[in-house]
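Colleague: Take this structure, written in structure tokens, and hold onto it; I'll ask about it next.
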Amino acid sequence: MAQELTAGMLLSGYARGIFPMAQSRDDPELFWFEPRARGILPLDGFHVSRSLARTIRRGGFEIRIGTAFRAVVEACAARKETWINGPLFTLYDALFAMGHAHSLEVWRGEALVGGVFGVTLGGAFFGESMFSRVPDASKVALTYTVDRLRQSGFVLFDTQYLTSHLASLGGIEIPRLEYRRRLAAALSLSADFTAAPVPDAQSVLQRMTQTS
């Protein structure tokens, strides 16, 4: 990508169905991607297993929204190999300041133990990455994220690619053209990731287990 990417250009890319990634954390260059098979997490098909429900009910977690965005991105990048480089850190910070990037954080006491971050545009949530420092914390984060998206008017949770972890929670792959159709429908809507209050575990599980 020869031209320096701006936050506005990044949003335009998402609206076209493409997203940027780096080859590694030390590579300053970014490349656009548009997979033939796109990973999504259907909001009405998220699977909450019995063990995950027990973890949510008994885990002693506190869910916060947007209180440690940069820390979540840094935690997602803190692995042996990552596609999040310096320019992307800067871009995500800019999108967060603009209200187009958000984090859902899982806390245990004052320790940040898991989380998800993503970009929002219309009724679409583009999930970028997640992390877990204790067992199942990323699954807890995804459960609360899906519930929040459903309660806030979102219709598309784009995961970019499908992993075995996401598939176990109900993630699927759809063809590129079908993804573009769903994206266009989502972009015509208005949704607010931060509008709803953080629900208690019982309320989340009651709603989520009705569709899983």
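Labels for the structure tokens follow display order: chains A, B, ..., residues from 1 in each chain, ligands from 1.
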Within 12 Å of Gln23 (chain A), counting only C-alpha atoms, which residues qualify if same-chain residues fewer than 2 places away don't, as a PyMOL selection string?

Modeller: chain A and resi 20-21+25-33+81-86+88

Colleague: Produce a table with one row for each residue of region 120-190 of chain A that has an atom at most 9 Å from any atom of region 67-77 of chain A, each row naming the nearest atom pair and its distance in Å at one decimal; use only C-alpha atoms; arrange rows by chain and rising residue number; format as a Markdown table.

Modeller:
| residue | atom | partner | partner_atom | distance |
| --- | --- | --- | --- | --- |
| A:Ser129 | CA | A:Cys76 | CA | 6.1 |
| A:Met130 | CA | A:Cys76 | CA | 5.7 |
| A:Phe131 | CA | A:Cys76 | CA | 5.2 |
| A:Ser132 | CA | A:Ala75 | CA | 8.5 |

Colleague: Under the rule of at most 9 Å, produce a per-residue listing of region 120-184 of chain A near region 47-53 of chain A: chain, number, name, the closest pair of atoms, and the distance in Å, as a tab-separated table, using only C-alpha atoms.

Modeller:
residue	atom	partner	partner_atom	distance
A:Asp136	CA	A:Leu52	CA	7.4
A:Lys139	CA	A:Leu52	CA	7.5
A:Val140	CA	A:Leu52	CA	7.4
A:Thr143	CA	A:Val48	CA	7.6
A:Ser168	CA	A:His47	CA	7.4
A:Leu169	CA	A:His47	CA	4.7
A:Gly170	CA	A:His47	CA	5.4
A:Gly171	CA	A:His47	CA	8.9

Colleague: Find the residues around region 181-187 of chain A up to 12 Å (only C-alpha atoms counted), leave out those fewer than 2 positions away in its own chain, and share them as a PDB file with all heavy atoms, in the first residue's frame.

Modeller:
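Output file around_5.pdb is given in full below:
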ATOM      1  N   LEU A  11     -12.113   3.444   6.887  1.00  0.00           N
ATOM      2  CA  LEU A  11     -13.566   3.274   6.921  1.00  0.00           C
ATOM      3  C   LEU A  11     -14.131   3.037   5.528  1.00  0.00           C
ATOM      4  O   LEU A  11     -15.045   2.221   5.347  1.00  0.00           O
ATOM      5  CB  LEU A  11     -14.220   4.492   7.564  1.00  0.00           C
ATOM      6  CG  LEU A  11     -13.987   4.681   9.071  1.00  0.00           C
ATOM      7  CD1 LEU A  11     -14.627   5.984   9.539  1.00  0.00           C
ATOM      8  CD2 LEU A  11     -14.524   3.505   9.868  1.00  0.00           C
ATOM      9  N   SER A  12     -13.592   3.731   4.541  1.00  0.00           N
ATOM     10  CA  SER A  12     -14.040   3.524   3.160  1.00  0.00           C
ATOM     11  C   SER A  12     -13.743   2.102   2.701  1.00  0.00           C
ATOM     12  O   SER A  12     -14.542   1.485   1.984  1.00  0.00           O
ATOM     13  CB  SER A  12     -13.365   4.533   2.227  1.00  0.00           C
ATOM     14  OG  SER A  12     -13.758   5.851   2.527  1.00  0.00           O
ATOM     15  N   TYR A  14     -13.534  -0.601   4.674  1.00  0.00           N
ATOM     16  CA  TYR A  14     -14.499  -1.489   5.322  1.00  0.00           C
ATOM     17  C   TYR A  14     -15.845  -1.443   4.600  1.00  0.00           C
ATOM     18  O   TYR A  14     -16.502  -2.471   4.425  1.00  0.00           O
ATOM     19  CB  TYR A  14     -14.686  -1.091   6.783  1.00  0.00           C
ATOM     20  CG  TYR A  14     -13.573  -1.527   7.695  1.00  0.00           C
ATOM     21  CD1 TYR A  14     -12.785  -0.590   8.357  1.00  0.00           C
ATOM     22  CD2 TYR A  14     -13.313  -2.878   7.914  1.00  0.00           C
ATOM     23  CE1 TYR A  14     -11.763  -0.986   9.201  1.00  0.00           C
ATOM     24  CE2 TYR A  14     -12.294  -3.282   8.758  1.00  0.00           C
ATOM     25  CZ  TYR A  14     -11.520  -2.334   9.411  1.00  0.00           C
ATOM     26  OH  TYR A  14     -10.508  -2.735  10.239  1.00  0.00           O
ATOM     27  N   ALA A  15     -16.264  -0.255   4.188  1.00  0.00           N
ATOM     28  CA  ALA A  15     -17.541  -0.112   3.497  1.00  0.00           C
ATOM     29  C   ALA A  15     -17.534  -0.829   2.151  1.00  0.00           C
ATOM     30  O   ALA A  15     -18.602  -1.205   1.646  1.00  0.00           O
ATOM     31  CB  ALA A  15     -17.865   1.371   3.297  1.00  0.00           C
ATOM     32  N   ARG A  16     -16.369  -1.049   1.583  1.00  0.00           N
ATOM     33  CA  ARG A  16     -16.236  -1.778   0.309  1.00  0.00           C
ATOM     34  C   ARG A  16     -16.012  -3.269   0.526  1.00  0.00           C
ATOM     35  O   ARG A  16     -15.925  -4.031  -0.441  1.00  0.00           O
ATOM     36  CB  ARG A  16     -15.071  -1.202  -0.494  1.00  0.00           C
ATOM     37  CG  ARG A  16     -15.304   0.207  -1.006  1.00  0.00           C
ATOM     38  CD  ARG A  16     -14.006   0.829  -1.490  1.00  0.00           C
ATOM     39  NE  ARG A  16     -13.265  -0.046  -2.395  1.00  0.00           N
ATOM     40  CZ  ARG A  16     -11.951   0.034  -2.613  1.00  0.00           C
ATOM     41  NH1 ARG A  16     -11.237   0.981  -1.985  1.00  0.00           N
ATOM     42  NH2 ARG A  16     -11.358  -0.785  -3.445  1.00  0.00           N
ATOM     43  N   GLY A  17     -15.863  -3.682   1.784  1.00  0.00           N
ATOM     44  CA  GLY A  17     -15.681  -5.101   2.071  1.00  0.00           C
ATOM     45  C   GLY A  17     -14.242  -5.549   2.155  1.00  0.00           C
ATOM     46  O   GLY A  17     -13.963  -6.751   2.134  1.00  0.00           O
ATOM     47  N   ILE A  18     -13.298  -4.598   2.257  1.00  0.00           N
ATOM     48  CA  ILE A  18     -11.889  -4.962   2.362  1.00  0.00           C
ATOM     49  C   ILE A  18     -11.343  -4.462   3.700  1.00  0.00           C
ATOM     50  O   ILE A  18     -11.920  -3.583   4.327  1.00  0.00           O
ATOM     51  CB  ILE A  18     -11.055  -4.383   1.202  1.00  0.00           C
ATOM     52  CG1 ILE A  18     -11.146  -2.847   1.174  1.00  0.00           C
ATOM     53  CG2 ILE A  18     -11.530  -4.965  -0.128  1.00  0.00           C
ATOM     54  CD1 ILE A  18     -10.303  -2.200   0.085  1.00  0.00           C
ATOM     55  N   ARG A  38     -15.824 -15.481   3.491  1.00  0.00           N
ATOM     56  CA  ARG A  38     -15.748 -14.502   4.582  1.00  0.00           C
ATOM     57  C   ARG A  38     -16.313 -15.103   5.862  1.00  0.00           C
ATOM     58  O   ARG A  38     -17.390 -15.698   5.873  1.00  0.00           O
ATOM     59  CB  ARG A  38     -16.551 -13.259   4.200  1.00  0.00           C
ATOM     60  CG  ARG A  38     -16.342 -12.046   5.098  1.00  0.00           C
ATOM     61  CD  ARG A  38     -14.922 -11.514   4.952  1.00  0.00           C
ATOM     62  NE  ARG A  38     -14.777 -10.197   5.531  1.00  0.00           N
ATOM     63  CZ  ARG A  38     -14.520  -9.094   4.822  1.00  0.00           C
ATOM     64  NH1 ARG A  38     -14.405  -9.148   3.501  1.00  0.00           N
ATOM     65  NH2 ARG A  38     -14.367  -7.932   5.427  1.00  0.00           N
ATOM     66  N   ILE A  40     -18.133 -14.897   9.337  1.00  0.00           N
ATOM     67  CA  ILE A  40     -19.067 -14.059  10.085  1.00  0.00           C
ATOM     68  C   ILE A  40     -19.564 -14.848  11.292  1.00  0.00           C
ATOM     69  O   ILE A  40     -19.488 -16.078  11.325  1.00  0.00           O
ATOM     70  CB  ILE A  40     -20.275 -13.593   9.246  1.00  0.00           C
ATOM     71  CG1 ILE A  40     -21.164 -14.775   8.852  1.00  0.00           C
ATOM     72  CG2 ILE A  40     -19.839 -12.805   8.022  1.00  0.00           C
ATOM     73  CD1 ILE A  40     -22.519 -14.374   8.295  1.00  0.00           C
ATOM     74  N   PRO A  42     -23.022 -15.234  12.974  1.00  0.00           N
ATOM     75  CA  PRO A  42     -24.452 -14.878  12.919  1.00  0.00           C
ATOM     76  C   PRO A  42     -24.970 -14.513  14.303  1.00  0.00           C
ATOM     77  O   PRO A  42     -24.801 -15.271  15.260  1.00  0.00           O
ATOM     78  CB  PRO A  42     -25.108 -16.162  12.394  1.00  0.00           C
ATOM     79  CG  PRO A  42     -24.012 -16.870  11.641  1.00  0.00           C
ATOM     80  CD  PRO A  42     -22.766 -16.579  12.425  1.00  0.00           C
ATOM     81  N   THR A 120     -16.888  -0.163  13.928  1.00  0.00           N
ATOM     82  CA  THR A 120     -18.310  -0.131  13.602  1.00  0.00           C
ATOM     83  C   THR A 120     -18.585   0.867  12.489  1.00  0.00           C
ATOM     84  O   THR A 120     -17.964   1.921  12.402  1.00  0.00           O
ATOM     85  CB  THR A 120     -19.163   0.238  14.830  1.00  0.00           C
ATOM     86  OG1 THR A 120     -18.751   1.516  15.346  1.00  0.00           O
ATOM     87  CG2 THR A 120     -19.037  -0.812  15.910  1.00  0.00           C
ATOM     88  N   LEU A 121     -19.536   0.491  11.653  1.00  0.00           N
ATOM     89  CA  LEU A 121     -19.976   1.347  10.551  1.00  0.00           C
ATOM     90  C   LEU A 121     -21.415   0.951  10.250  1.00  0.00           C
ATOM     91  O   LEU A 121     -21.677  -0.201   9.881  1.00  0.00           O
ATOM     92  CB  LEU A 121     -19.080   1.140   9.335  1.00  0.00           C
ATOM     93  CG  LEU A 121     -19.013   2.246   8.275  1.00  0.00           C
ATOM     94  CD1 LEU A 121     -18.585   3.573   8.883  1.00  0.00           C
ATOM     95  CD2 LEU A 121     -18.068   1.840   7.151  1.00  0.00           C
ATOM     96  N   GLY A 122     -22.353   1.880  10.441  1.00  0.00           N
ATOM     97  CA  GLY A 122     -23.755   1.536  10.267  1.00  0.00           C
ATOM     98  C   GLY A 122     -24.147   0.434  11.228  1.00  0.00           C
ATOM     99  O   GLY A 122     -23.865   0.502  12.423  1.00  0.00           O
ATOM    100  N   GLY A 123     -24.776  -0.604  10.694  1.00  0.00           N
ATOM    101  CA  GLY A 123     -25.164  -1.749  11.516  1.00  0.00           C
ATOM    102  C   GLY A 123     -24.201  -2.910  11.408  1.00  0.00           C
ATOM    103  O   GLY A 123     -24.575  -4.069  11.651  1.00  0.00           O
ATOM    104  N   ALA A 124     -22.946  -2.625  11.044  1.00  0.00           N
ATOM    105  CA  ALA A 124     -21.927  -3.665  10.914  1.00  0.00           C
ATOM    106  C   ALA A 124     -20.859  -3.500  11.987  1.00  0.00           C
ATOM    107  O   ALA A 124     -20.414  -2.380  12.260  1.00  0.00           O
ATOM    108  CB  ALA A 124     -21.280  -3.616   9.530  1.00  0.00           C
ATOM    109  N   PHE A 125     -20.462  -4.622  12.575  1.00  0.00           N
ATOM    110  CA  PHE A 125     -19.349  -4.654  13.516  1.00  0.00           C
ATOM    111  C   PHE A 125     -18.258  -5.512  12.887  1.00  0.00           C
ATOM    112  O   PHE A 125     -18.471  -6.698  12.598  1.00  0.00           O
ATOM    113  CB  PHE A 125     -19.781  -5.254  14.851  1.00  0.00           C
ATOM    114  CG  PHE A 125     -18.679  -5.337  15.876  1.00  0.00           C
ATOM    115  CD1 PHE A 125     -18.358  -4.241  16.664  1.00  0.00           C
ATOM    116  CD2 PHE A 125     -17.961  -6.515  16.061  1.00  0.00           C
ATOM    117  CE1 PHE A 125     -17.342  -4.316  17.622  1.00  0.00           C
ATOM    118  CE2 PHE A 125     -16.953  -6.597  17.013  1.00  0.00           C
ATOM    119  CZ  PHE A 125     -16.640  -5.497  17.790  1.00  0.00           C
ATOM    120  N   PHE A 126     -17.095  -4.898  12.672  1.00  0.00           N
ATOM    121  CA  PHE A 126     -15.960  -5.603  12.069  1.00  0.00           C
ATOM    122  C   PHE A 126     -15.025  -6.029  13.202  1.00  0.00           C
ATOM    123  O   PHE A 126     -14.226  -5.234  13.693  1.00  0.00           O
ATOM    124  CB  PHE A 126     -15.244  -4.689  11.079  1.00  0.00           C
ATOM    125  CG  PHE A 126     -16.148  -4.120  10.016  1.00  0.00           C
ATOM    126  CD1 PHE A 126     -16.756  -2.877  10.205  1.00  0.00           C
ATOM    127  CD2 PHE A 126     -16.417  -4.815   8.852  1.00  0.00           C
ATOM    128  CE1 PHE A 126     -17.603  -2.340   9.243  1.00  0.00           C
ATOM    129  CE2 PHE A 126     -17.259  -4.285   7.879  1.00  0.00           C
ATOM    130  CZ  PHE A 126     -17.860  -3.048   8.079  1.00  0.00           C
ATOM    131  N   GLY A 153     -28.982  -2.906  17.660  1.00  0.00           N
ATOM    132  CA  GLY A 153     -29.405  -2.683  16.289  1.00  0.00           C
ATOM    133  C   GLY A 153     -28.440  -3.121  15.215  1.00  0.00           C
ATOM    134  O   GLY A 153     -28.643  -2.832  14.029  1.00  0.00           O
ATOM    135  N   PHE A 154     -27.375  -3.826  15.574  1.00  0.00           N
ATOM    136  CA  PHE A 154     -26.436  -4.343  14.576  1.00  0.00           C
ATOM    137  C   PHE A 154     -27.002  -5.611  13.942  1.00  0.00           C
ATOM    138  O   PHE A 154     -27.754  -6.366  14.569  1.00  0.00           O
ATOM    139  CB  PHE A 154     -25.080  -4.652  15.222  1.00  0.00           C
ATOM    140  CG  PHE A 154     -24.305  -3.424  15.618  1.00  0.00           C
ATOM    141  CD1 PHE A 154     -24.525  -2.815  16.853  1.00  0.00           C
ATOM    142  CD2 PHE A 154     -23.361  -2.870  14.763  1.00  0.00           C
ATOM    143  CE1 PHE A 154     -23.818  -1.682  17.226  1.00  0.00           C
ATOM    144  CE2 PHE A 154     -22.655  -1.727  15.130  1.00  0.00           C
ATOM    145  CZ  PHE A 154     -22.887  -1.132  16.363  1.00  0.00           C
ATOM    146  N   VAL A 155     -26.607  -5.858  12.692  1.00  0.00           N
ATOM    147  CA  VAL A 155     -27.088  -7.046  11.986  1.00  0.00           C
ATOM    148  C   VAL A 155     -25.953  -7.889  11.407  1.00  0.00           C
ATOM    149  O   VAL A 155     -26.200  -8.988  10.906  1.00  0.00           O
ATOM    150  CB  VAL A 155     -28.070  -6.668  10.850  1.00  0.00           C
ATOM    151  CG1 VAL A 155     -29.323  -6.020  11.429  1.00  0.00           C
ATOM    152  CG2 VAL A 155     -27.401  -5.755   9.829  1.00  0.00           C
ATOM    153  N   LEU A 156     -24.723  -7.375  11.455  1.00  0.00           N
ATOM    154  CA  LEU A 156     -23.592  -8.100  10.874  1.00  0.00           C
ATOM    155  C   LEU A 156     -22.398  -8.069  11.816  1.00  0.00           C
ATOM    156  O   LEU A 156     -21.978  -6.995  12.256  1.00  0.00           O
ATOM    157  CB  LEU A 156     -23.194  -7.485   9.530  1.00  0.00           C
ATOM    158  CG  LEU A 156     -21.965  -8.094   8.820  1.00  0.00           C
ATOM    159  CD1 LEU A 156     -22.228  -9.548   8.437  1.00  0.00           C
ATOM    160  CD2 LEU A 156     -21.582  -7.266   7.597  1.00  0.00           C
ATOM    161  N   PHE A 157     -21.870  -9.241  12.133  1.00  0.00           N
ATOM    162  CA  PHE A 157     -20.632  -9.385  12.904  1.00  0.00           C
ATOM    163  C   PHE A 157     -19.631 -10.056  11.968  1.00  0.00           C
ATOM    164  O   PHE A 157     -19.670 -11.255  11.752  1.00  0.00           O
ATOM    165  CB  PHE A 157     -20.868 -10.243  14.145  1.00  0.00           C
ATOM    166  CG  PHE A 157     -19.710 -10.296  15.117  1.00  0.00           C
ATOM    167  CD1 PHE A 157     -19.925 -10.644  16.439  1.00  0.00           C
ATOM    168  CD2 PHE A 157     -18.401 -10.011  14.734  1.00  0.00           C
ATOM    169  CE1 PHE A 157     -18.875 -10.716  17.359  1.00  0.00           C
ATOM    170  CE2 PHE A 157     -17.344 -10.065  15.633  1.00  0.00           C
ATOM    171  CZ  PHE A 157     -17.582 -10.420  16.956  1.00  0.00           C
ATOM    172  N   ASP A 158     -18.748  -9.250  11.395  1.00  0.00           N
ATOM    173  CA  ASP A 158     -17.727  -9.715  10.454  1.00  0.00           C
ATOM    174  C   ASP A 158     -16.491 -10.157  11.236  1.00  0.00           C
ATOM    175  O   ASP A 158     -15.893  -9.364  11.954  1.00  0.00           O
ATOM    176  CB  ASP A 158     -17.397  -8.571   9.494  1.00  0.00           C
ATOM    177  CG  ASP A 158     -16.239  -8.886   8.556  1.00  0.00           C
ATOM    178  OD1 ASP A 158     -15.834 -10.062   8.473  1.00  0.00           O
ATOM    179  OD2 ASP A 158     -15.745  -7.947   7.920  1.00  0.00           O
ATOM    180  N   ILE A 174     -19.242 -17.454   4.495  1.00  0.00           N
ATOM    181  CA  ILE A 174     -20.179 -17.197   3.407  1.00  0.00           C
ATOM    182  C   ILE A 174     -19.396 -16.703   2.198  1.00  0.00           C
ATOM    183  O   ILE A 174     -18.309 -16.138   2.348  1.00  0.00           O
ATOM    184  CB  ILE A 174     -21.257 -16.164   3.798  1.00  0.00           C
ATOM    185  CG1 ILE A 174     -20.619 -14.835   4.229  1.00  0.00           C
ATOM    186  CG2 ILE A 174     -22.145 -16.719   4.914  1.00  0.00           C
ATOM    187  CD1 ILE A 174     -21.640 -13.737   4.513  1.00  0.00           C
ATOM    188  N   PRO A 175     -19.912 -16.902   0.984  1.00  0.00           N
ATOM    189  CA  PRO A 175     -19.208 -16.438  -0.217  1.00  0.00           C
ATOM    190  C   PRO A 175     -19.078 -14.920  -0.244  1.00  0.00           C
ATOM    191  O   PRO A 175     -19.868 -14.197   0.378  1.00  0.00           O
ATOM    192  CB  PRO A 175     -20.093 -16.938  -1.367  1.00  0.00           C
ATOM    193  CG  PRO A 175     -20.926 -18.026  -0.784  1.00  0.00           C
ATOM    194  CD  PRO A 175     -21.135 -17.647   0.655  1.00  0.00           C
ATOM    195  N   ARG A 176     -18.109 -14.445  -0.982  1.00  0.00           N
ATOM    196  CA  ARG A 176     -17.822 -13.012  -1.066  1.00  0.00           C
ATOM    197  C   ARG A 176     -19.044 -12.200  -1.487  1.00  0.00           C
ATOM    198  O   ARG A 176     -19.344 -11.155  -0.893  1.00  0.00           O
ATOM    199  CB  ARG A 176     -16.666 -12.773  -2.038  1.00  0.00           C
ATOM    200  CG  ARG A 176     -16.254 -11.324  -2.179  1.00  0.00           C
ATOM    201  CD  ARG A 176     -15.167 -11.197  -3.225  1.00  0.00           C
ATOM    202  NE  ARG A 176     -13.921 -11.801  -2.765  1.00  0.00           N
ATOM    203  CZ  ARG A 176     -12.873 -12.041  -3.552  1.00  0.00           C
ATOM    204  NH1 ARG A 176     -12.925 -11.733  -4.840  1.00  0.00           N
ATOM    205  NH2 ARG A 176     -11.773 -12.585  -3.062  1.00  0.00           N
ATOM    206  N   LEU A 177     -19.767 -12.670  -2.506  1.00  0.00           N
ATOM    207  CA  LEU A 177     -20.921 -11.912  -2.989  1.00  0.00           C
ATOM    208  C   LEU A 177     -22.025 -11.842  -1.940  1.00  0.00           C
ATOM    209  O   LEU A 177     -22.702 -10.823  -1.804  1.00  0.00           O
ATOM    210  CB  LEU A 177     -21.448 -12.514  -4.294  1.00  0.00           C
ATOM    211  CG  LEU A 177     -20.556 -12.323  -5.516  1.00  0.00           C
ATOM    212  CD1 LEU A 177     -21.177 -12.978  -6.745  1.00  0.00           C
ATOM    213  CD2 LEU A 177     -20.316 -10.833  -5.781  1.00  0.00           C
ATOM    214  N   GLU A 178     -22.223 -12.927  -1.202  1.00  0.00           N
ATOM    215  CA  GLU A 178     -23.226 -12.918  -0.138  1.00  0.00           C
ATOM    216  C   GLU A 178     -22.813 -11.970   0.979  1.00  0.00           C
ATOM    217  O   GLU A 178     -23.647 -11.263   1.550  1.00  0.00           O
ATOM    218  CB  GLU A 178     -23.422 -14.330   0.415  1.00  0.00           C
ATOM    219  CG  GLU A 178     -24.303 -14.438   1.650  1.00  0.00           C
ATOM    220  CD  GLU A 178     -25.738 -13.984   1.417  1.00  0.00           C
ATOM    221  OE1 GLU A 178     -26.159 -13.852   0.252  1.00  0.00           O
ATOM    222  OE2 GLU A 178     -26.445 -13.750   2.421  1.00  0.00           O
ATOM    223  N   TYR A 179     -21.512 -11.952   1.271  1.00  0.00           N
ATOM    224  CA  TYR A 179     -21.027 -11.014   2.284  1.00  0.00           C
ATOM    225  C   TYR A 179     -21.283  -9.575   1.846  1.00  0.00           C
ATOM    226  O   TYR A 179     -21.740  -8.749   2.650  1.00  0.00           O
ATOM    227  CB  TYR A 179     -19.532 -11.213   2.542  1.00  0.00           C
ATOM    228  CG  TYR A 179     -18.969 -10.132   3.433  1.00  0.00           C
ATOM    229  CD1 TYR A 179     -19.169 -10.171   4.809  1.00  0.00           C
ATOM    230  CD2 TYR A 179     -18.271  -9.051   2.897  1.00  0.00           C
ATOM    231  CE1 TYR A 179     -18.683  -9.159   5.629  1.00  0.00           C
ATOM    232  CE2 TYR A 179     -17.781  -8.037   3.705  1.00  0.00           C
ATOM    233  CZ  TYR A 179     -17.987  -8.094   5.071  1.00  0.00           C
ATOM    234  OH  TYR A 179     -17.521  -7.089   5.868  1.00  0.00           O
ATOM    235  N   LEU A 189     -28.167   0.882   7.879  1.00  0.00           N
ATOM    236  CA  LEU A 189     -28.773   1.017   9.197  1.00  0.00           C
ATOM    237  C   LEU A 189     -27.948   1.942  10.089  1.00  0.00           C
ATOM    238  O   LEU A 189     -26.824   2.309   9.765  1.00  0.00           O
ATOM    239  CB  LEU A 189     -28.885  -0.363   9.858  1.00  0.00           C
ATOM    240  CG  LEU A 189     -29.652  -1.433   9.076  1.00  0.00           C
ATOM    241  CD1 LEU A 189     -29.583  -2.772   9.810  1.00  0.00           C
ATOM    242  CD2 LEU A 189     -31.102  -1.010   8.863  1.00  0.00           C
ATOM    243  N   SER A 190     -28.530   2.282  11.226  1.00  0.00           N
ATOM    244  CA  SER A 190     -27.838   3.076  12.226  1.00  0.00           C
ATOM    245  C   SER A 190     -27.845   2.313  13.546  1.00  0.00           C
ATOM    246  O   SER A 190     -28.902   1.849  13.990  1.00  0.00           O
ATOM    247  CB  SER A 190     -28.527   4.429  12.401  1.00  0.00           C
ATOM    248  OG  SER A 190     -27.894   5.197  13.417  1.00  0.00           O
ATOM    249  N   ALA A 191     -26.678   2.144  14.153  1.00  0.00           N
ATOM    250  CA  ALA A 191     -26.567   1.420  15.420  1.00  0.00           C
ATOM    251  C   ALA A 191     -25.491   2.072  16.272  1.00  0.00           C
ATOM    252  O   ALA A 191     -24.587   2.726  15.748  1.00  0.00           O
ATOM    253  CB  ALA A 191     -26.239  -0.051  15.171  1.00  0.00           C
TER     254      ALA A 191
END

Colleague: What does the structure give for the distance between CA of Gly39 (chain A) and CA of Leu166 (chain A), in Å to one decimal?

Modeller: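 CA of Gly39 (chain A) sits 8.8 Å away from CA of Leu166 (chain A).
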
Colleague: Taking only C-alpha atoms into account, produce a table as a Markdown table in which each residue of region 45-123 of chain A with an atom at most 7 Å from an atom of region 193-201 of chain A appears once, together with its shortest atom pair and the distance in Å to one decimal, ordered by chain and rising number.

Modeller:
| residue | atom | partner | partner_atom | distance |
| --- | --- | --- | --- | --- |
| A:Ile56 | CA | A:Ala201 | CA | 6.4 |
| A:Arg57 | CA | A:Ala201 | CA | 6.0 |
| A:Ile63 | CA | A:Val198 | CA | 6.9 |

Colleague: With only C-alpha atoms as the counted atoms, please give the residues lying no more than 9 Å from Gly60 (chain A), apart from itself and same-chain residues fewer than 5 positions off, as a compact mmCIF listing (two decimals) with C-alpha atoms, in the first residue's frame.

Modeller:
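After the write, selection-v4.txt holds the following:
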# COMPACT_ATOMS: atom_id res chain seq x y z
CA THR A 55 -18.12 -19.69 33.47
CA TRP A 107 -12.05 -7.63 34.05
CA ARG A 108 -11.46 -9.67 37.19
CA GLY A 109 -10.91 -7.16 39.94
